[in-house]
Amino acid sequence: MRRLLIALLLTLPGVGQAAQKPLLALVIDDLGYSWNQARQALELPGNHSYAIIPDTLYDERIARLGARMQRELLLHMPMQSSSSLALEPTTLNDGMDENELTAQVERMLRRLPQVRGINNHMGSRLTREGYIMRPVMETIRRLNPGLYFLDSKTTGHSQAYLQALLTGVPTLQRDVFLDNDPQPEAMAIQVRRWQRKAEKRGWAIAIAHPHQATLDYLQQVLPKLLENYRMVTLSQLFALLNPEKTTWPKQYLSRLPMASRNSKP
């Protein structure tokens, strides 16, 4: 896979030796509550992607600043967690019917028109449910076929990636969370995992958060990573990988099992 990717990169115009470096994609999640931390994140060295939680205090202001700075922005779509964490006011949840889900997705995307893609904020409960993820992905596809979906994989049972594939939404999955433990020693271990995955496969995706400890650590480590890796946005990664789009026959889709609400645990 890595040899195939490198061969593809070398055919692109203007791509030289730097293209042979493994690709690292970094997404900074949870922007919206702190203006100061958002500004620090947007100024990190390298080319990264930034996920904004809608309907937060600074969401629209951060989106406008990010667009002016030519940063890649994502809608960090709140989804129901299996834990007792407090939900965002606009969180998608399993008490919504299909019309409510569709209307909420449409509203969030209209609020932040600068975004190039979407990833889930929390969602360890909701992303398990394929019958809920399907209308979410269908709405994304209908509103803007150019948007992609990154499955943050807050649960190993997530159906978000599969449902994105089935509905034709460009999709990838997160490989590493860098700062579940924000101690520098713990983050260094996760950075090494990120590097190893990129070296083995040719690319890897990490998610981090705008904690001050994380931002301080990234300010130190990113310039060193840039010496041996190529930092790319998610849009750039999609374009470089150029995955083949799977076409699912309508007759097959019509036979997909439709989970009922009575089947929920």
# chains A, B, ... in the order shown; residues from 1 in each chain; ligands from 1

call {"tool": "closest_atom_pairs", "arguments": {"of": "region 73-187 of chain A", "to": "region 211-232 of chain A", "cutoff": "9 Å", "atoms": "only C-alpha atoms", "output": "JSON lines"}}
result
{"residue": "A:Leu178", "atom": "CA", "partner": "A:Thr214", "partner_atom": "CA", "distance": 8.5}
{"residue": "A:Asp179", "atom": "CA", "partner": "A:Thr214", "partner_atom": "CA", "distance": 6.7}
{"residue": "A:Pro182", "atom": "CA", "partner": "A:Thr214", "partner_atom": "CA", "distance": 6.2}
{"residue": "A:Gln183", "atom": "CA", "partner": "A:Ala213", "partner_atom": "CA", "distance": 7.5}
{"residue": "A:Pro184", "atom": "CA", "partner": "A:Tyr217", "partner_atom": "CA", "distance": 6.7}
{"residue": "A:Met187", "atom": "CA", "partner": "A:Thr214", "partner_atom": "CA", "distance": 8.2}

call {"tool": "select_by_dssp", "arguments": {"residues": "region 39-240 of chain A", "states": "alpha helix (DSSP H)", "output": "VMD selection string"}}
result
chain A and resid 39 to 42 59 to 68 98 to 111 130 to 143 160 to 167 184 to 201 212 to 228 234 to 240

call {"tool": "closest_atom_pairs", "arguments": {"of": "region 117-233 of chain A", "to": "region 28-32 of chain A", "cutoff": "12 Å", "atoms": "only C-alpha atoms", "output": "CSV"}}
result
residue,atom,partner,partner_atom,distance
A:Ile118,CA,A:Asp29,CA,10.9
A:Asn119,CA,A:Asp29,CA,8.9
A:Asn120,CA,A:Asp29,CA,9.5
A:His121,CA,A:Asp30,CA,7.6
A:Met122,CA,A:Asp30,CA,10.0
A:Leu150,CA,A:Asp29,CA,11.6
A:Ser152,CA,A:Asp29,CA,9.8
A:Arg174,CA,A:Asp29,CA,11.9
A:Phe177,CA,A:Ile28,CA,10.3
A:Leu178,CA,A:Ile28,CA,10.1
A:Asp179,CA,A:Ile28,CA,10.7
A:Ile205,CA,A:Ile28,CA,11.0
A:Ala206,CA,A:Ile28,CA,8.7
A:Ile207,CA,A:Ile28,CA,5.9
A:Ala208,CA,A:Ile28,CA,5.0
A:His209,CA,A:Asp29,CA,5.1
A:Pro210,CA,A:Ile28,CA,6.7
A:His211,CA,A:Asp30,CA,9.5
A:Thr214,CA,A:Ile28,CA,10.0
A:Leu215,CA,A:Ile28,CA,9.7
A:Leu218,CA,A:Ile28,CA,10.7
A:Thr233,CA,A:Ile28,CA,11.1

call {"tool": "residues_around", "arguments": {"residues": "Leu101 (chain A)", "least_positions_apart": "5", "cutoff": "7 Å", "atoms": "only C-alpha atoms", "output": "JSON, numbers by chain"}}
result
{"A": [92, 96, 136]}

call {"tool": "write_last_selection", "arguments": {"atoms": "N, CA and C atoms", "output": "compact mmCIF listing (two decimals), in the first residue's frame"}}
result
# COMPACT_ATOMS: atom_id res chain seq x y z
N LEU A 92 -27.16 15.13 18.57
CA LEU A 92 -28.01 14.11 17.96
C LEU A 92 -28.17 12.96 18.95
N MET A 96 -34.51 11.00 18.77
CA MET A 96 -34.96 11.75 17.60
C MET A 96 -35.46 10.81 16.52
N VAL A 136 -28.29 10.27 8.78
CA VAL A 136 -27.30 11.34 8.98
C VAL A 136 -26.41 11.46 7.74

call {"tool": "atom_distance", "arguments": {"atom1": "CA of Lys153 (chain A)", "atom2": "CA of Ala51 (chain A)"}}
result
14.8 Å

call {"tool": "residues_around", "arguments": {"residues": "Thr167 (chain A)", "least_positions_apart": "6", "cutoff": "9 Å", "atoms": "only C-alpha atoms", "output": "ChimeraX atom specification"}}
result
/A:134,137-138,141,248

call {"tool": "atom_distance", "arguments": {"atom1": "CA of Asn180 (chain A)", "atom2": "CA of Ser83 (chain A)"}}
result
15.6 Å

call {"tool": "residues_around", "arguments": {"residues": "Ala160 (chain A)", "least_positions_apart": "4", "cutoff": "7 Å", "atoms": "only C-alpha atoms", "output": "PDB file with C-alpha atoms, in the first residue's frame"}}
result
ATOM      1  CA  THR A 127     -22.565   5.826  16.281  1.00  0.00           C
ATOM      2  CA  MET A 133     -26.150   6.843  11.060  1.00  0.00           C
ATOM      3  CA  ASP A 151     -15.204   8.643  12.027  1.00  0.00           C
ATOM      4  CA  ALA A 164     -20.772   6.672   5.115  1.00  0.00           C
TER       5      ALA A 164
END

call {"tool": "closest_residue", "arguments": {"among": "A:His48, A:Asp55, A:Ser34, A:Phe238", "to": "Leu172 (chain A)", "atoms": "only C-alpha atoms"}}
result
A:Phe238

call {"tool": "select_by_dssp", "arguments": {"residues": "region 4-246 of chain A", "states": "strand (DSSP E or B)", "output": "count of residues only"}}
result
45

call {"tool": "atom_distance", "arguments": {"atom1": "CA of Ala239 (chain A)", "atom2": "CA of Thr102 (chain A)"}}
result
27.9 Å

call {"tool": "residues_around", "arguments": {"residues": "Ser124 (chain A)", "least_positions_apart": "6", "cutoff": "12 Å", "atoms": "only C-alpha atoms", "output": "PyMOL selection string"}}
result
chain A and resi 78-85+92-94+151-160

call {"tool": "write_last_selection", "arguments": {"atoms": "N, CA and C atoms", "output": "short mmCIF file (atom, residue, chain, number, x, y, z; two decimals), in the first residue's frame"}}
result
data_model
loop_
_atom_site.label_atom_id
_atom_site.label_comp_id
_atom_site.auth_asym_id
_atom_site.auth_seq_id
_atom_site.Cartn_x
_atom_site.Cartn_y
_atom_site.Cartn_z
N PRO A 78 -22.05 17.02 17.36
CA PRO A 78 -22.29 16.37 18.66
C PRO A 78 -23.23 15.17 18.52
N MET A 79 -22.83 14.04 19.10
CA MET A 79 -23.63 12.83 19.08
C MET A 79 -23.66 12.21 20.47
N GLN A 80 -24.73 11.54 20.77
CA GLN A 80 -24.98 10.99 22.10
C GLN A 80 -23.88 10.04 22.53
N SER A 81 -23.43 10.22 23.77
CA SER A 81 -22.41 9.37 24.36
C SER A 81 -23.05 8.29 25.22
N SER A 82 -22.34 7.20 25.43
CA SER A 82 -22.82 6.15 26.32
C SER A 82 -22.49 6.46 27.78
N SER A 83 -21.72 7.51 28.01
CA SER A 83 -21.34 7.90 29.37
C SER A 83 -22.32 8.94 29.89
N SER A 84 -22.05 9.41 31.08
CA SER A 84 -22.92 10.40 31.71
C SER A 84 -22.44 11.83 31.45
N LEU A 85 -21.55 11.98 30.45
CA LEU A 85 -21.06 13.32 30.14
C LEU A 85 -22.21 14.22 29.71
N LEU A 92 -27.16 15.13 18.57
CA LEU A 92 -28.01 14.11 17.96
C LEU A 92 -28.17 12.96 18.95
N ASN A 93 -29.40 12.47 19.12
CA ASN A 93 -29.62 11.41 20.10
C ASN A 93 -30.65 10.42 19.59
N ASP A 94 -30.71 9.27 20.26
CA ASP A 94 -31.56 8.19 19.78
C ASP A 94 -33.04 8.39 20.11
N ASP A 151 -14.71 9.35 10.86
CA ASP A 151 -15.20 8.64 12.03
C ASP A 151 -14.17 8.78 13.14
N SER A 152 -14.53 9.52 14.18
CA SER A 152 -13.61 9.72 15.31
C SER A 152 -13.39 8.44 16.10
N LYS A 153 -14.22 7.44 15.88
CA LYS A 153 -14.09 6.13 16.52
C LYS A 153 -14.01 6.25 18.04
N THR A 154 -15.04 6.85 18.60
CA THR A 154 -15.12 6.93 20.05
C THR A 154 -15.61 5.61 20.64
N THR A 155 -15.97 4.67 19.78
CA THR A 155 -16.27 3.30 20.20
C THR A 155 -15.80 2.36 19.10
N GLY A 156 -15.33 1.18 19.51
CA GLY A 156 -14.91 0.19 18.53
C GLY A 156 -16.07 -0.41 17.76
N HIS A 157 -17.31 -0.11 18.19
CA HIS A 157 -18.50 -0.64 17.53
C HIS A 157 -19.17 0.38 16.61
N SER A 158 -18.46 1.43 16.29
CA SER A 158 -19.04 2.49 15.46
C SER A 158 -19.48 1.96 14.10
N GLN A 159 -20.66 2.39 13.69
CA GLN A 159 -21.20 2.08 12.36
C GLN A 159 -21.09 3.28 11.42
N ALA A 160 -20.52 4.38 11.90
CA ALA A 160 -20.50 5.61 11.10
C ALA A 160 -19.70 5.43 9.81
#

call {"tool": "closest_residue", "arguments": {"among": "A:Leu109, A:Ile140, A:Ile62, A:Leu74", "to": "Pro170 (chain A)", "atoms": "only C-alpha atoms"}}
result
A:Ile140

call {"tool": "closest_residue", "arguments": {"among": "A:Leu24, A:Gln104, A:Arg39, A:Arg68", "to": "Arg192 (chain A)", "atoms": "only C-alpha atoms"}}
result
A:Leu24

call {"tool": "decode", "arguments": {"residues": "region 13-138 of chain A", "atoms": "C-alpha atoms", "output": "PDB file, in the first residue's frame"}}
result
ATOM      1  CA  PRO A  13       2.932  17.911 -10.676  1.00  0.00           C
ATOM      2  CA  GLY A  14       5.296  19.823  -8.438  1.00  0.00           C
ATOM      3  CA  VAL A  15       5.781  16.930  -6.048  1.00  0.00           C
ATOM      4  CA  GLY A  16       9.421  16.060  -5.344  1.00  0.00           C
ATOM      5  CA  GLN A  17      11.371  14.373  -2.602  1.00  0.00           C
ATOM      6  CA  ALA A  18       9.054  15.670   0.119  1.00  0.00           C
ATOM      7  CA  ALA A  19       6.270  13.496  -1.273  1.00  0.00           C
ATOM      8  CA  GLN A  20       8.160  10.344  -0.285  1.00  0.00           C
ATOM      9  CA  LYS A  21       7.708  11.208   3.371  1.00  0.00           C
ATOM     10  CA  PRO A  22       4.902   9.378   5.201  1.00  0.00           C
ATOM     11  CA  LEU A  23       1.758  11.481   5.557  1.00  0.00           C
ATOM     12  CA  LEU A  24       0.488  12.690   8.924  1.00  0.00           C
ATOM     13  CA  ALA A  25      -2.967  14.256   9.274  1.00  0.00           C
ATOM     14  CA  LEU A  26      -3.813  16.024  12.526  1.00  0.00           C
ATOM     15  CA  VAL A  27      -7.311  17.107  13.561  1.00  0.00           C
ATOM     16  CA  ILE A  28      -7.771  19.490  16.483  1.00  0.00           C
ATOM     17  CA  ASP A  29     -11.210  18.794  17.965  1.00  0.00           C
ATOM     18  CA  ASP A  30     -13.519  20.658  20.342  1.00  0.00           C
ATOM     19  CA  LEU A  31     -12.996  24.207  19.127  1.00  0.00           C
ATOM     20  CA  GLY A  32     -15.712  26.671  20.085  1.00  0.00           C
ATOM     21  CA  TYR A  33     -15.577  27.335  23.801  1.00  0.00           C
ATOM     22  CA  SER A  34     -12.283  29.206  24.077  1.00  0.00           C
ATOM     23  CA  TRP A  35     -11.220  31.968  21.700  1.00  0.00           C
ATOM     24  CA  ASN A  36      -7.656  32.033  23.019  1.00  0.00           C
ATOM     25  CA  GLN A  37      -7.097  28.298  22.642  1.00  0.00           C
ATOM     26  CA  ALA A  38      -8.685  28.310  19.182  1.00  0.00           C
ATOM     27  CA  ARG A  39      -6.266  31.012  18.033  1.00  0.00           C
ATOM     28  CA  GLN A  40      -3.313  29.063  19.414  1.00  0.00           C
ATOM     29  CA  ALA A  41      -4.502  25.911  17.660  1.00  0.00           C
ATOM     30  CA  LEU A  42      -4.980  27.669  14.317  1.00  0.00           C
ATOM     31  CA  GLU A  43      -1.415  28.990  14.540  1.00  0.00           C
ATOM     32  CA  LEU A  44       0.232  25.605  15.154  1.00  0.00           C
ATOM     33  CA  PRO A  45       3.129  24.787  12.796  1.00  0.00           C
ATOM     34  CA  GLY A  46       2.077  22.675   9.834  1.00  0.00           C
ATOM     35  CA  ASN A  47      -1.028  22.064   7.757  1.00  0.00           C
ATOM     36  CA  HIS A  48      -3.853  20.696   9.902  1.00  0.00           C
ATOM     37  CA  SER A  49      -7.638  20.352  10.144  1.00  0.00           C
ATOM     38  CA  TYR A  50      -9.820  21.938  12.823  1.00  0.00           C
ATOM     39  CA  ALA A  51     -13.178  20.672  14.109  1.00  0.00           C
ATOM     40  CA  ILE A  52     -15.627  23.226  15.527  1.00  0.00           C
ATOM     41  CA  ILE A  53     -18.538  22.327  17.816  1.00  0.00           C
ATOM     42  CA  PRO A  54     -21.649  24.150  16.540  1.00  0.00           C
ATOM     43  CA  ASP A  55     -23.684  26.501  18.736  1.00  0.00           C
ATOM     44  CA  THR A  56     -20.804  27.164  21.107  1.00  0.00           C
ATOM     45  CA  LEU A  57     -19.804  30.631  22.254  1.00  0.00           C
ATOM     46  CA  TYR A  58     -17.213  31.257  19.531  1.00  0.00           C
ATOM     47  CA  ASP A  59     -18.117  28.756  16.800  1.00  0.00           C
ATOM     48  CA  GLU A  60     -18.972  31.205  14.020  1.00  0.00           C
ATOM     49  CA  ARG A  61     -16.177  33.603  14.946  1.00  0.00           C
ATOM     50  CA  ILE A  62     -13.601  30.781  14.893  1.00  0.00           C
ATOM     51  CA  ALA A  63     -14.947  29.570  11.540  1.00  0.00           C
ATOM     52  CA  ARG A  64     -14.542  33.030  10.029  1.00  0.00           C
ATOM     53  CA  LEU A  65     -11.006  33.360  11.400  1.00  0.00           C
ATOM     54  CA  GLY A  66     -10.060  29.874  10.218  1.00  0.00           C
ATOM     55  CA  ALA A  67     -11.375  30.630   6.728  1.00  0.00           C
ATOM     56  CA  ARG A  68      -9.359  33.862   6.591  1.00  0.00           C
ATOM     57  CA  MET A  69      -6.264  31.907   7.645  1.00  0.00           C
ATOM     58  CA  GLN A  70      -7.033  29.301   4.955  1.00  0.00           C
ATOM     59  CA  ARG A  71      -7.304  26.518   7.509  1.00  0.00           C
ATOM     60  CA  GLU A  72      -9.338  23.390   6.825  1.00  0.00           C
ATOM     61  CA  LEU A  73     -12.438  23.307   9.006  1.00  0.00           C
ATOM     62  CA  LEU A  74     -14.772  20.509  10.066  1.00  0.00           C
ATOM     63  CA  LEU A  75     -18.154  20.477  11.735  1.00  0.00           C
ATOM     64  CA  HIS A  76     -17.604  18.611  15.009  1.00  0.00           C
ATOM     65  CA  MET A  77     -21.095  17.116  15.097  1.00  0.00           C
ATOM     66  CA  PRO A  78     -22.292  16.370  18.660  1.00  0.00           C
ATOM     67  CA  MET A  79     -23.629  12.826  19.077  1.00  0.00           C
ATOM     68  CA  GLN A  80     -24.978  10.992  22.097  1.00  0.00           C
ATOM     69  CA  SER A  81     -22.407   9.371  24.359  1.00  0.00           C
ATOM     70  CA  SER A  82     -22.823   6.148  26.325  1.00  0.00           C
ATOM     71  CA  SER A  83     -21.343   7.897  29.371  1.00  0.00           C
ATOM     72  CA  SER A  84     -22.925  10.405  31.708  1.00  0.00           C
ATOM     73  CA  LEU A  85     -21.058  13.324  30.144  1.00  0.00           C
ATOM     74  CA  ALA A  86     -23.156  16.445  29.679  1.00  0.00           C
ATOM     75  CA  LEU A  87     -24.608  16.694  26.175  1.00  0.00           C
ATOM     76  CA  GLU A  88     -24.262  19.701  23.904  1.00  0.00           C
ATOM     77  CA  PRO A  89     -27.576  21.529  23.314  1.00  0.00           C
ATOM     78  CA  THR A  90     -27.631  20.330  19.704  1.00  0.00           C
ATOM     79  CA  THR A  91     -26.543  16.719  20.299  1.00  0.00           C
ATOM     80  CA  LEU A  92     -28.015  14.109  17.957  1.00  0.00           C
ATOM     81  CA  ASN A  93     -29.622  11.410  20.095  1.00  0.00           C
ATOM     82  CA  ASP A  94     -31.562   8.195  19.779  1.00  0.00           C
ATOM     83  CA  GLY A  95     -34.774   9.857  20.898  1.00  0.00           C
ATOM     84  CA  MET A  96     -34.960  11.752  17.599  1.00  0.00           C
ATOM     85  CA  ASP A  97     -36.914  10.478  14.641  1.00  0.00           C
ATOM     86  CA  GLU A  98     -35.528  10.652  11.111  1.00  0.00           C
ATOM     87  CA  ASN A  99     -37.068  14.058  10.395  1.00  0.00           C
ATOM     88  CA  GLU A 100     -35.562  15.529  13.562  1.00  0.00           C
ATOM     89  CA  LEU A 101     -32.145  14.065  12.784  1.00  0.00           C
ATOM     90  CA  THR A 102     -32.255  15.426   9.240  1.00  0.00           C
ATOM     91  CA  ALA A 103     -33.370  18.889  10.336  1.00  0.00           C
ATOM     92  CA  GLN A 104     -30.653  19.102  12.994  1.00  0.00           C
ATOM     93  CA  VAL A 105     -27.884  18.037  10.583  1.00  0.00           C
ATOM     94  CA  GLU A 106     -29.091  20.582   8.023  1.00  0.00           C
ATOM     95  CA  ARG A 107     -29.189  23.358  10.612  1.00  0.00           C
ATOM     96  CA  MET A 108     -25.670  22.652  11.890  1.00  0.00           C
ATOM     97  CA  LEU A 109     -24.206  22.582   8.393  1.00  0.00           C
ATOM     98  CA  ARG A 110     -25.913  25.857   7.496  1.00  0.00           C
ATOM     99  CA  ARG A 111     -24.548  27.480  10.643  1.00  0.00           C
ATOM    100  CA  LEU A 112     -20.939  26.713   9.643  1.00  0.00           C
ATOM    101  CA  PRO A 113     -20.831  26.909   5.829  1.00  0.00           C
ATOM    102  CA  GLN A 114     -17.010  27.127   5.798  1.00  0.00           C
ATOM    103  CA  VAL A 115     -16.517  23.448   6.693  1.00  0.00           C
ATOM    104  CA  ARG A 116     -15.019  20.911   4.300  1.00  0.00           C
ATOM    105  CA  GLY A 117     -16.075  17.868   6.299  1.00  0.00           C
ATOM    106  CA  ILE A 118     -17.630  16.465   9.453  1.00  0.00           C
ATOM    107  CA  ASN A 119     -16.490  14.312  12.347  1.00  0.00           C
ATOM    108  CA  ASN A 120     -18.381  13.141  15.405  1.00  0.00           C
ATOM    109  CA  HIS A 121     -18.053  14.805  18.795  1.00  0.00           C
ATOM    110  CA  MET A 122     -18.442  12.038  21.386  1.00  0.00           C
ATOM    111  CA  GLY A 123     -20.984   9.575  19.905  1.00  0.00           C
ATOM    112  CA  SER A 124     -19.981   6.332  21.633  1.00  0.00           C
ATOM    113  CA  ARG A 125     -23.721   5.575  22.001  1.00  0.00           C
ATOM    114  CA  LEU A 126     -25.187   6.953  18.791  1.00  0.00           C
ATOM    115  CA  THR A 127     -22.565   5.826  16.281  1.00  0.00           C
ATOM    116  CA  ARG A 128     -23.279   2.199  17.214  1.00  0.00           C
ATOM    117  CA  GLU A 129     -26.681   2.503  15.541  1.00  0.00           C
ATOM    118  CA  GLY A 130     -26.516   1.989  11.791  1.00  0.00           C
ATOM    119  CA  TYR A 131     -30.188   2.852  11.360  1.00  0.00           C
ATOM    120  CA  ILE A 132     -29.459   6.308  12.817  1.00  0.00           C
ATOM    121  CA  MET A 133     -26.150   6.843  11.060  1.00  0.00           C
ATOM    122  CA  ARG A 134     -27.765   6.097   7.691  1.00  0.00           C
ATOM    123  CA  PRO A 135     -30.098   9.182   7.568  1.00  0.00           C
ATOM    124  CA  VAL A 136     -27.300  11.335   8.979  1.00  0.00           C
ATOM    125  CA  MET A 137     -25.009  10.321   6.103  1.00  0.00           C
ATOM    126  CA  GLU A 138     -27.785  10.589   3.534  1.00  0.00           C
TER     127      GLU A 138
END
